[in-house]
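Engineer: Pasting upload_8.txt below, which is compact mmCIF, C-alpha atoms.
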```txt
# COMPACT_ATOMS: atom_id res chain seq x y z
CA PHE A 71 103.04 -10.90 51.24
CA THR A 72 103.94 -13.42 48.55
CA TRP A 73 101.28 -15.20 46.51
CA ASN A 74 102.19 -18.14 44.26
CA ASP A 75 99.92 -18.75 41.28
CA ALA A 76 97.70 -21.78 41.91
CA PHE A 77 98.19 -23.07 38.37
CA ARG A 78 101.84 -22.10 37.80
CA PRO A 79 103.62 -22.12 41.18
CA THR A 80 106.78 -20.61 39.67
CA LYS A 81 104.85 -17.39 38.96
CA ASN A 82 104.24 -15.20 41.98
CA ALA A 83 103.28 -11.74 43.13
CA VAL A 84 104.97 -9.95 46.02
CA MET A 85 103.37 -6.86 47.56
CA CYS A 86 103.07 -5.15 50.88
CA ASN A 87 99.30 -4.94 50.52
CA ALA A 88 96.52 -6.15 52.79
CA ASN A 89 94.25 -6.77 49.79
CA LEU A 90 96.70 -9.28 48.32
CA GLU A 91 96.77 -11.12 51.62
CA ARG A 92 92.96 -10.95 51.81
CA ALA A 93 92.74 -12.32 48.26
CA GLY A 94 95.10 -15.16 49.17
CA VAL A 95 93.18 -16.13 52.29
CA LEU A 96 89.83 -16.02 50.49
CA TYR A 97 91.21 -17.92 47.48
CA ASN A 98 92.40 -20.70 49.77
CA LEU A 99 89.01 -20.73 51.52
CA GLY A 100 87.28 -21.08 48.13
CA ALA A 101 89.66 -23.91 47.24
CA ILE A 102 88.92 -25.73 50.51
CA VAL A 103 85.15 -25.34 50.10
CA SER A 104 85.30 -26.59 46.50
CA ALA A 105 87.51 -29.53 47.50
CA SER A 106 85.01 -30.43 50.21
CA ALA A 107 82.20 -30.28 47.64
CA ALA A 108 84.12 -32.50 45.25
CA ALA A 109 84.76 -35.03 48.02
CA THR A 110 81.11 -35.10 49.16
CA GLU A 111 79.32 -38.39 48.60
CA ARG A 112 76.70 -37.67 45.95
CA THR A 113 74.80 -40.95 45.97
CA SER A 114 72.10 -39.52 48.26
CA ASP A 115 69.86 -36.48 47.88
CA ASP A 116 71.40 -34.93 50.99
CA GLY A 117 74.90 -35.44 49.61
CA LEU A 118 73.92 -33.83 46.32
CA LYS A 119 72.36 -30.86 48.12
CA LEU A 120 75.47 -30.38 50.25
CA ALA A 121 77.82 -30.61 47.26
CA CYS A 122 75.69 -28.15 45.29
CA LYS A 123 75.57 -25.72 48.21
CA GLN A 124 79.33 -25.89 48.67
CA PHE A 125 80.05 -25.38 44.96
CA GLN A 126 77.76 -22.33 45.04
CA GLU A 127 79.51 -21.01 48.14
CA ALA A 128 82.90 -21.45 46.47
CA ALA A 129 81.62 -19.59 43.39
CA GLY A 130 80.49 -16.78 45.67
CA ILE A 131 83.88 -16.59 47.34
CA PHE A 132 85.69 -16.38 43.99
CA ALA A 133 83.16 -13.78 42.76
CA HIS A 134 83.79 -11.69 45.87
CA ILE A 135 87.54 -11.82 45.30
CA GLN A 136 87.02 -10.85 41.66
CA GLU A 137 84.61 -7.99 42.30
CA LYS A 138 85.71 -6.53 45.65
CA VAL A 139 89.27 -7.52 46.51
CA VAL A 140 91.34 -7.79 43.33
CA ALA A 141 89.89 -4.54 42.01
CA ASN A 142 91.77 -2.79 44.84
CA LEU A 143 95.17 -4.31 44.04
CA PRO A 144 97.76 -2.10 42.41
CA GLY A 145 100.07 -3.45 39.75
CA THR A 146 100.44 -6.85 38.17
CA ILE A 147 99.08 -9.95 39.84
CA THR A 148 99.21 -13.62 38.99
CA PRO A 149 96.85 -15.12 36.37
CA ASP A 150 94.81 -17.01 38.98
CA LEU A 151 93.99 -13.70 40.70
CA SER A 152 93.24 -11.88 37.47
CA GLU A 153 89.68 -10.96 36.55
CA GLN A 154 89.71 -13.62 33.82
CA GLY A 155 91.23 -16.30 36.03
CA LEU A 156 88.75 -15.72 38.83
CA GLY A 157 85.90 -15.60 36.33
CA MET A 158 86.96 -18.98 34.97
CA ILE A 159 87.09 -20.52 38.44
CA LYS A 160 83.72 -19.00 39.38
CA SER A 161 82.16 -20.43 36.19
CA LEU A 162 83.67 -23.83 36.92
CA MET A 163 82.16 -23.83 40.43
CA LEU A 164 78.76 -22.81 39.04
CA ALA A 165 79.02 -25.56 36.40
CA GLN A 166 79.75 -28.13 39.10
CA ALA A 167 76.75 -26.92 41.13
CA GLN A 168 74.51 -27.09 38.06
CA ALA A 169 75.78 -30.61 37.35
CA CYS A 170 74.61 -31.58 40.86
CA PHE A 171 71.12 -30.26 40.02
CA TYR A 172 71.21 -32.26 36.80
CA GLU A 173 72.29 -35.44 38.64
CA LYS A 174 69.42 -35.02 41.11
CA ALA A 175 66.93 -34.43 38.29
CA ILE A 176 68.07 -37.59 36.51
CA ARG A 177 67.92 -39.62 39.71
CA THR A 178 64.49 -38.43 40.80
CA ARG A 179 62.73 -37.90 37.47
CA ALA A 180 60.44 -40.92 37.93
CA GLU A 181 59.34 -39.76 41.40
CA THR A 182 58.96 -36.08 40.51
CA LYS A 183 57.64 -36.66 36.98
CA MET A 184 60.06 -34.04 35.76
CA LYS A 185 59.68 -33.35 32.08
CA GLU A 186 62.51 -34.18 29.70
CA GLY A 187 62.61 -30.53 28.58
CA VAL A 188 63.42 -29.37 32.11
CA ILE A 189 66.19 -31.94 32.40
CA ALA A 190 67.54 -30.84 29.02
CA ARG A 191 67.58 -27.21 30.19
CA LEU A 192 69.49 -28.18 33.33
CA ALA A 193 72.05 -29.98 31.18
CA ALA A 194 72.27 -27.05 28.76
CA GLN A 195 72.89 -24.61 31.61
CA ALA A 196 75.66 -26.82 33.02
CA ALA A 197 77.21 -26.99 29.55
CA GLU A 198 77.01 -23.21 29.25
CA PHE A 199 78.80 -22.73 32.56
CA TYR A 200 81.46 -25.27 31.56
CA SER A 201 81.99 -23.56 28.21
CA ALA A 202 82.59 -20.27 30.04
CA THR A 203 85.65 -21.80 31.71
```
Kindly present the structure from the file in C-alpha cells form.

Structural biologist:
Amino acid sequence: FTWNDAFRPTKNAVMCNANLERAGVLYNLGAIVSASAAATERTSDDGLKLACKQFQEAAGIFAHIQEKVVANLPGTITPDLSEQGLGMIKSLMLAQAQACFYEKAIRTRAETKMKEGVIARLAAQAAEFYSAT
C-alpha cells in the first residue's frame, strides 16, 4: 500500500501493512467529513449544529488514527500520519467546532441572554485549539 502525504504529495510511505491502509482510509474519511462541515451553510442554527457535529466527528476520526492505528505501524511514515501531524489536524477540527459554538453564541446572545464572560470563554477556547495547530 502506498500513502502520499496530504501536505507534501511528493513524500510517501510504502508498506505491506493493513494498518497503513486502515490509516489511509480513515484519514480520507476524516477529510471528507471535515470538507462537508466546511461546506455546510452556517447561517441557520441547524447548519451550525451540523457543521459543529461534523467537525467533532472528524476530530474523533483523526484522534482514533493517532491513538489506535498509527501506533501499530512499523517504521517511518509520512508527516501527516505522524503523531504530531494527526494531533495538529485533530486540534484544527476541534478549533473549527468551537468556532461554530462561538458563532451560535454571538448570533443568539440577545435571545439566550448569554453573558459576555461565557462568550469570551468560548472565544478563548477556540483560540487555544487554534494555537495548538

Engineer: Between CA of Ala197 in chain A and CA of Pro149 in chain A, what distance in Å does the model show, to one decimal?

Structural biologist: 23.9 Å

Engineer: Grab the CA of Asn89 in chain A to CA of Leu156 in chain A distance for me, in Å with one decimal place.

Structural biologist: 15.2 Å

Engineer: Could you jot down the CA of Leu120 in chain A to CA of Lys185 in chain A separation for me, Å, one decimal place?

Structural biologist: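 Here the two named atoms are 24.3 Å from each other.
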
Engineer: Choose the residue, out of A:Gln168, A:Ser104, A:Asn98, A:Gln124, that has the smallest atom-to-atom separation from Leu192 in chain A; count only C-alpha atoms.

Structural biologist: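 Between A:Gln168, A:Ser104, A:Asn98, A:Gln124, the residue approaching Leu192 in chain A most closely is A:Gln168.
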
Engineer: Find the spatial neighbours of Tyr97 in chain A, counting only C-alpha atoms, within a cut-off of 10 Å - ignore same-chain residues fewer than 6 positions away - and output them as a short mmCIF file (atom, residue, chain, number, x, y, z; two decimals) with C-alpha atoms, in the coordinates of the input.

Structural biologist:
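Saved file around.cif follows:
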```
data_model
loop_
_atom_site.label_atom_id
_atom_site.label_comp_id
_atom_site.auth_asym_id
_atom_site.auth_seq_id
_atom_site.Cartn_x
_atom_site.Cartn_y
_atom_site.Cartn_z
CA ALA A 76 97.70 -21.78 41.91
CA GLU A 91 96.77 -11.12 51.62
CA VAL A 103 85.15 -25.34 50.10
CA ALA A 128 82.90 -21.45 46.47
CA ILE A 131 83.88 -16.59 47.34
CA PHE A 132 85.69 -16.38 43.99
CA HIS A 134 83.79 -11.69 45.87
CA ILE A 135 87.54 -11.82 45.30
CA ASP A 150 94.81 -17.01 38.98
CA LEU A 151 93.99 -13.70 40.70
CA LEU A 156 88.75 -15.72 38.83
#
```

Engineer: Find the residue from A:Ala83, A:Val188, A:Ala202, A:Ala88 that sits nearest to Asn142 in chain A; use all atoms listed in the file when measuring.

Structural biologist: A:Ala88

Engineer: Hey, which of A:Gly130, A:Gly187, A:Pro144, A:Gly117 ends up closest to Leu90 in chain A? Count only C-alpha atoms.

Structural biologist: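 Of A:Gly130, A:Gly187, A:Pro144, A:Gly117, the one nearest Leu90 in chain A is A:Pro144, counting only C-alpha atoms.
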